[in-house]
Number of protein chains: 2
Amino acid sequence: MREGEIIERLLRPIATHPAARGLADDAAVWSPPIGRELVLTHDVIAEGVHYLRADDPSDIAWKLVAVNLSDLAAKGAEPAGVLIGLGLARPDDAWLERFASGLARVLAEYDTALFGGDTTTGAASAVLGCTAVGHVPRGKSLSRTGARPGDDVYVTGTIGDAGLGLAIARGEAPADPALLRRYRLPVPRLAMGQGLADAGAHAAMDVSDGLLIDASRMAKASGVRIEVALADVPLSDAAAARLAPGDAGRLAAATSGDDYELLIAAPPQSRAALFTLSETVRLGLTHVGRVVAGEGFSVIGEDGGPVTVPRLGYEHGA
Amino acid sequence: MREGEIIERLLRPIATHPAARGLADDAAVWSPPIGRELVLTHDVIAEGVHYLRADDPSDIAWKLVAVNLSDLAAKGAEPAGVLIGLGLARPDDAWLERFASGLARVLAEYDTALFGGDTTTGAASAVLGCTAVGHVPRGKSLSRTGARPGDDVYVTGTIGDAGLGLAIARGEAPADPALLRRYRLPVPRLAMGQGLADAGAHAAMDVSDGLLIDASRMAKASGVRIEVALADVPLSDAAAARLAPGDAGRLAAATSGDDYELLIAAPPQSRAALFTLSETVRLGLTHVGRVVAGEGFSVIGEDGGPVTVPRLGYEHGA
């Protein structure tokens, strides 16, 4: 399929929002809702780095969009649209059709428009980019810099499932569809994120490279120290059944990536509002640590003493 | 240089706009000016397709941003910021430093912020993406769909210089710094684009793949027929000196790409306002054709008869 055909046959049917101008113009033209700030993020995923050539293209499309929506969720934003950049090698039609179907699915799931993008072929291997555009009430966006001494630290959902899913995808662990799905089809925590500012949270970010490394980044960005209690890291039943008992298993979970849960710092008086929000949006919330004055980061083991962590998580980009 | 270092050392110093949050958060947060619509565009350029590995990385960065700003210009928009996606192979530090310096230069030249982006290494060859975000007074954005029978068709600047510059870059033609520059460092026609709506223009787009193919696209998008008079296609002195005389040379110019001039359709009563705008922004404007009822596209030769054109221009994306 030529580039023009890819746009005409596969992408135009998805780009139904008027802002996209049927992908027939040079650019999208969109009126943002009044009284809102824009939230803009761009992530790149590369074949052989973030996904494997043999992966289902539908899942790749889902992940490309979902990881960007996860960044919007972390800022409390509601998604509006995406622009997709496809730098492809020599894709066959079946690959392209599967990719487009995954793109349509994830955009429909999160009520997000395809605003535009660009497609090129002839790259040595595929590199895919996504810009997500969202909006948040003016002054209500969260940042990772707002954690303050005395805050509690929470995480949504469960941690480590996607890391186990990756091992399954690599053929290094026995199959489990639910764990594999956590790796392949991450769920951006949009409803939770959109409620955090009103619940009084001070800071939020998404957990993409591992709970510990991302918590250490929040500590650094906020100019505070964060302590995470390993025993409190929430595990799914499926993960608990596979991981070593005690600190070792929870450390493995907290240093694996791709969770796309939200890490939240909030003052003690926000506790009730946060758990009410958690119930409303039906997403688990777990207290995993606290913010103290100082700098750096520490991990507390089951015995209450510090745990030395050789590697906090993945570092594959921003 | 690791990915974190690329961001910290090379990109953060450029990202001085508060919306970028020092590239330290998950996303940019930006308040668009009140009463404006957003214009959003995303282009991808790939090593070996749109540029050569040996090209100066500073020029690559310029071109990556400038071609996106050219799309904003075509919609009449003022640029606000960009998000840059770098899918890199194994770049050395010198390449990265040159790239960052070109990025800083083009953003400063057009008063455009670095809002954010993402960097990854390990791709088989580089694929670079840019999302440009601009704004236009509400209801004043131009489109390529607005050309109407009776309109005149104009083009800015000169046509074909970049095509000759590409031949020079490939070592297929003798050196000429000015022509090479037209290929390597395109100039988005922002001031002109921003004046077109008030001058009464009906349609605009940028000429990226060749004057003829892009004019045929405007005709198709507008549901009209466009006739281009080859003898009126504006050539620079440098291009005229190199091209064959008469129709053949102008056909070569009008079917080569990368001009990044603006193609404009406007009613006869806009003529004076357009030429006043052209003088004000110091950019040449030339009447090159007309819009008639019907469909399709035709090229008129020096003798007033139709010219058969085997290939209208490049087709390498949207």
# chains A, B, ... in the order shown; residues from 1 in each chain; ligands from 1
$ closest_atom_pairs --of "chain B" --to "chain A" --cutoff "7 Å" --atoms "only C-alpha atoms" --output "CSV"
residue,atom,partner,partner_atom,distance
B:Glu3,CA,A:Gly317,CA,5.4
B:Gly4,CA,A:Gly317,CA,6.2
B:Asp25,CA,A:Arg144,CA,6.0
B:Asp26,CA,A:Asp71,CA,5.5
B:Ala27,CA,A:Thr41,CA,4.6
B:Ala28,CA,A:Leu40,CA,5.0
B:Val29,CA,A:Val39,CA,4.5
B:Trp30,CA,A:Leu38,CA,5.1
B:Ser31,CA,A:Glu37,CA,4.7
B:Glu37,CA,A:Ser31,CA,4.7
B:Leu38,CA,A:Trp30,CA,5.1
B:Val39,CA,A:Val29,CA,4.6
B:Leu40,CA,A:Ala28,CA,5.0
B:Thr41,CA,A:Ala27,CA,4.7
B:His42,CA,A:Gly117,CA,4.9
B:Asp43,CA,A:Asp118,CA,5.2
B:Val44,CA,A:Asp118,CA,6.0
B:Ala46,CA,A:Ala123,CA,6.1
B:Glu47,CA,A:Ala123,CA,6.9
B:Val49,CA,A:Gly122,CA,6.4
B:Asp71,CA,A:Asp26,CA,5.5
B:Leu83,CA,A:His42,CA,6.4
B:Gly85,CA,A:Val44,CA,6.0
B:Gly87,CA,A:Val127,CA,6.1
B:Gly116,CA,A:Thr41,CA,6.7
B:Gly117,CA,A:His42,CA,4.9
B:Asp118,CA,A:Asp43,CA,5.2
B:Thr119,CA,A:Gly317,CA,5.8
B:Thr120,CA,A:Gly317,CA,5.7
B:Gly122,CA,A:Val49,CA,6.4
B:Ala123,CA,A:Ala46,CA,6.1
B:Ala124,CA,A:Ser125,CA,5.4
B:Ser125,CA,A:Ala124,CA,5.4
B:Val127,CA,A:Gly87,CA,6.1
B:Gly129,CA,A:Gly85,CA,6.6
B:Ser143,CA,A:Asp25,CA,6.3
B:Arg144,CA,A:Asp25,CA,6.0
B:Met205,CA,A:Asp26,CA,6.7
B:His316,CA,A:Thr120,CA,6.7
B:Gly317,CA,A:Glu3,CA,5.4
B:Ala318,CA,A:Asp118,CA,6.0
$ residues_around --residues "Gly195 (chain A)" --least-positions-apart "3" --cutoff "10 Å" --atoms "only C-alpha atoms" --output "list in words"
Ala73, Gly76, Ala77, Leu190, Ala191, Met192, Asp198, Ala199, Gly200, Ala201, Ala273, Leu274, Leu277, Ser278, Thr280 and Val281 of chain A
$ write_last_selection --atoms "C-alpha atoms" --output "compact mmCIF listing (two decimals), in the first residue's frame"
# COMPACT_ATOMS: atom_id res chain seq x y z
CA ALA A 73 -4.03 11.06 33.02
CA GLY A 76 -5.42 15.29 35.34
CA ALA A 77 -6.30 15.97 31.72
CA LEU A 190 -7.87 8.89 33.09
CA ALA A 191 -10.88 9.04 35.42
CA MET A 192 -8.66 8.74 38.48
CA ASP A 198 -10.22 18.17 43.48
CA ALA A 199 -9.31 15.46 45.97
CA GLY A 200 -6.41 17.67 47.06
CA ALA A 201 -3.45 15.73 45.64
CA ALA A 273 -11.39 12.10 49.31
CA LEU A 274 -8.82 9.96 47.50
CA LEU A 277 -12.46 8.79 44.27
CA SER A 278 -10.89 5.35 44.08
CA THR A 280 -16.09 5.99 42.36
CA VAL A 281 -13.78 5.18 39.46
$ select_by_dssp --residues "region 137-203 of chain B" --states "strand (DSSP E or B)" --output "ChimeraX atom specification"
/B:137,152-156,203
$ write_last_selection --atoms "N, CA and C atoms" --output "short mmCIF file (atom, residue, chain, number, x, y, z; two decimals), in the first residue's frame"
data_model
loop_
_atom_site.label_atom_id
_atom_site.label_comp_id
_atom_site.auth_asym_id
_atom_site.auth_seq_id
_atom_site.Cartn_x
_atom_site.Cartn_y
_atom_site.Cartn_z
N PRO B 137 -6.79 33.37 14.62
CA PRO B 137 -8.07 33.90 15.11
C PRO B 137 -9.21 32.98 14.70
N ASP B 152 -8.25 33.52 -8.85
CA ASP B 152 -6.89 33.49 -9.38
C ASP B 152 -6.04 32.59 -8.49
N VAL B 153 -5.00 32.02 -9.10
CA VAL B 153 -4.07 31.17 -8.34
C VAL B 153 -2.70 31.84 -8.33
N TYR B 154 -2.14 31.96 -7.14
CA TYR B 154 -0.85 32.62 -6.94
C TYR B 154 0.11 31.67 -6.25
N VAL B 155 1.40 31.97 -6.41
CA VAL B 155 2.39 31.28 -5.60
C VAL B 155 3.39 32.31 -5.09
N THR B 156 3.89 32.07 -3.88
CA THR B 156 4.89 33.00 -3.31
C THR B 156 6.28 32.61 -3.80
N ALA B 203 -8.32 30.02 -0.34
CA ALA B 203 -7.68 28.73 -0.05
C ALA B 203 -6.18 28.91 -0.04
#
$ select_by_dssp --residues "region 204-309 of chain A" --states "alpha helix (DSSP H)" --output "PyMOL selection string"
chain A and resi 211-222+237-242+246-254+271-280
$ residues_around --residues "Ala229 (chain B)" --least-positions-apart "6" --cutoff "12 Å" --atoms "only C-alpha atoms" --output "PyMOL selection string"
chain B and resi 152-155+211-212+215+246-247+250-251+254+286-291+297-307
$ closest_residue --among "B:Phe99, B:Tyr110, B:Tyr51, B:Phe275" --to "Ala66 (chain B)" --atoms "only C-alpha atoms"
B:Tyr110
$ atom_distance --atom1 "CA of Arg242 (chain A)" --atom2 "CA of Ile226 (chain A)"
27.9 Å
$ decode --residues "region 77-101 of chain B" --atoms "N, CA and C atoms" --output "tab-separated table (two decimals), in the first residue's frame"
chain	number	residue	atom	x	y	z
B	77	ALA	N	-1.60	30.41	10.52
B	77	ALA	CA	-1.40	30.33	11.97
B	77	ALA	C	-0.07	30.93	12.40
B	78	GLU	N	-0.05	31.34	13.65
B	78	GLU	CA	1.16	31.79	14.32
B	78	GLU	C	1.68	30.63	15.15
B	79	PRO	N	2.96	30.27	15.02
B	79	PRO	CA	3.46	29.12	15.79
B	79	PRO	C	3.58	29.43	17.28
B	80	ALA	N	3.30	28.45	18.11
B	80	ALA	CA	3.48	28.58	19.56
B	80	ALA	C	4.59	27.65	20.04
B	81	GLY	N	4.50	26.39	19.71
B	81	GLY	CA	5.51	25.46	20.19
B	81	GLY	C	5.54	24.17	19.39
B	82	VAL	N	6.55	23.37	19.66
B	82	VAL	CA	6.68	22.08	18.99
B	82	VAL	C	6.97	20.98	20.03
B	83	LEU	N	6.60	19.77	19.67
B	83	LEU	CA	7.05	18.58	20.39
B	83	LEU	C	7.86	17.75	19.40
B	84	ILE	N	9.02	17.28	19.84
B	84	ILE	CA	9.96	16.62	18.94
B	84	ILE	C	10.13	15.17	19.37
B	85	GLY	N	9.95	14.25	18.43
B	85	GLY	CA	10.18	12.83	18.70
B	85	GLY	C	11.41	12.34	17.96
B	86	LEU	N	12.40	11.92	18.70
B	86	LEU	CA	13.65	11.47	18.10
B	86	LEU	C	13.79	9.97	18.26
B	87	GLY	N	13.58	9.24	17.19
B	87	GLY	CA	13.85	7.81	17.18
B	87	GLY	C	15.21	7.63	16.51
B	88	LEU	N	16.23	7.46	17.31
B	88	LEU	CA	17.61	7.49	16.82
B	88	LEU	C	18.21	6.11	16.80
B	89	ALA	N	19.27	5.95	16.03
B	89	ALA	CA	20.01	4.69	16.01
B	89	ALA	C	21.01	4.73	17.18
B	90	ARG	N	22.26	4.95	16.90
B	90	ARG	CA	23.29	5.09	17.96
B	90	ARG	C	24.05	6.37	17.69
B	91	PRO	N	23.43	7.50	17.94
B	91	PRO	CA	24.05	8.77	17.55
B	91	PRO	C	25.27	9.07	18.41
B	92	ASP	N	26.30	9.66	17.79
B	92	ASP	CA	27.43	10.10	18.61
B	92	ASP	C	27.13	11.49	19.17
B	93	ASP	N	27.94	11.88	20.15
B	93	ASP	CA	27.68	13.15	20.83
B	93	ASP	C	27.75	14.34	19.88
B	94	ALA	N	28.68	14.28	18.93
B	94	ALA	CA	28.82	15.42	18.02
B	94	ALA	C	27.55	15.60	17.18
B	95	TRP	N	26.98	14.48	16.74
B	95	TRP	CA	25.73	14.55	15.97
B	95	TRP	C	24.64	15.20	16.82
B	96	LEU	N	24.50	14.72	18.05
B	96	LEU	CA	23.45	15.22	18.93
B	96	LEU	C	23.64	16.71	19.21
B	97	GLU	N	24.87	17.12	19.43
B	97	GLU	CA	25.11	18.53	19.74
B	97	GLU	C	24.78	19.41	18.54
B	98	ARG	N	25.15	18.96	17.35
B	98	ARG	CA	24.83	19.73	16.15
B	98	ARG	C	23.31	19.79	15.96
B	99	PHE	N	22.66	18.66	16.19
B	99	PHE	CA	21.20	18.64	16.03
B	99	PHE	C	20.55	19.64	16.99
B	100	ALA	N	20.98	19.61	18.24
B	100	ALA	CA	20.39	20.52	19.23
B	100	ALA	C	20.66	21.97	18.87
B	101	SER	N	21.82	22.25	18.29
B	101	SER	CA	22.10	23.65	17.96
B	101	SER	C	21.21	24.11	16.81
